[in-house]
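Here is the structure we will look at, set down as structure tokens.
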Amino acid sequence: MRCPTCREKLVPGAKFCHRCGAELSPDVVEKVANWYHDPVFVLLMIFLVLAVFGLPLLWKSPRFTYWQKVVISAVTVIYTGAVLWLLWYLVFVLFLPYFHQIRDLM
């Protein structure tokens with residue numbers, strides 16, 4: 001994307017042109033934002049791959065409002081806690097009590 005005033009190539013995420021200093025409109029800023037700030041990509045990374053480790057990606061993205069970031073962060077923490085609890089339940093409650101019996105069968 002190029003600056004509408006001086007036609008200089010814009011830096012991703014810039015709110016002003018680094019050459020002429022012209023302020024960029026929000027729709028131009030959104031077009032220049034990096035591909036990894038795309039809301040679909042951020043949400044997929046958080047909920048399918050990174051869990052709470054993806055929160056910095058969310059908070060650096062200019063395409064979410066402050067309150068969207070707060071809500072998604074809270075949901076991510078709850079989601080991660082639920083996944084960890086389920087993992088603990090599967091291992092320590094369902095699998096380990098029967099591990100010796102399964103091992104003796106083999």
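Identifiers in the structure tokens: chain A, B, ... in order shown; residue index from 1 per chain; ligand index from 1 in order shown.
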Which neighbours of Arg19 (chain A) fall inside 12 Å, counting only C-alpha atoms, when residues of the same chain fewer than 5 positions from it are skipped, and could you give them as a PyMOL selection string? chain A and resi 2-11+14
Quick one: write out the picked residues with C-alpha atoms as an mmCIF file, in the first residue's frame?
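Full text of result-v6.cif as output:
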data_model
loop_
_atom_site.group_PDB
_atom_site.id
_atom_site.type_symbol
_atom_site.label_atom_id
_atom_site.label_comp_id
_atom_site.auth_asym_id
_atom_site.auth_seq_id
_atom_site.Cartn_x
_atom_site.Cartn_y
_atom_site.Cartn_z
ATOM 1 C CA ARG A 2 1.200 3.507 -0.767
ATOM 2 C CA CYS A 3 0.677 6.876 0.903
ATOM 3 C CA PRO A 4 -2.231 8.734 -0.738
ATOM 4 C CA THR A 5 -0.263 12.009 -0.525
ATOM 5 C CA CYS A 6 3.318 11.241 -1.619
ATOM 6 C CA ARG A 7 2.939 7.674 -3.011
ATOM 7 C CA GLU A 8 5.717 6.362 -0.727
ATOM 8 C CA LYS A 9 5.401 2.696 0.271
ATOM 9 C CA LEU A 10 3.873 2.479 3.762
ATOM 10 C CA VAL A 11 5.291 0.534 6.678
ATOM 11 C CA ALA A 14 1.923 2.915 10.418
#
Pick out each residue of chain A that DSSP on the backbone tags as alpha helix (DSSP H); I need them as a PyMOL selection string. chain A and resi 26-32+39-44+55-60+66-88+96-105
Need the shell around Val75 (chain A): protein/DNA/RNA residues with any atom at most 12 Å away, counting only C-alpha atoms. Skip same-chain ones fewer than 3 positions apart. Format as a ChimeraX atom specification? /A:43,46-47,51-52,55,68-72,78-82
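Computed from the coordinates, the CA of Leu87 (chain A) to CA of Tyr36 (chain A) distance equals 29.3 Å.
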Atom-to-atom span, CA of Leu90 (chain A) and CA of Val42 (chain A), Å: 28.6 Å
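Restricting the calculation to only C-alpha atoms, the smallest distance between Gly54 (chain A) and any of A:Asp38, A:Ser73, A:Phe99, A:Trp67 is found for A:Ser73.
The two atoms in question, CA of Met45 (chain A) and CA of Ser61 (chain A), are spaced 12.9 Å apart.
Nearest-residue note for Thr65 (chain A): choosing from A:Val49, A:Pro39, A:His18, A:Leu94, the minimum distance belongs to A:Pro39, counting only C-alpha atoms.
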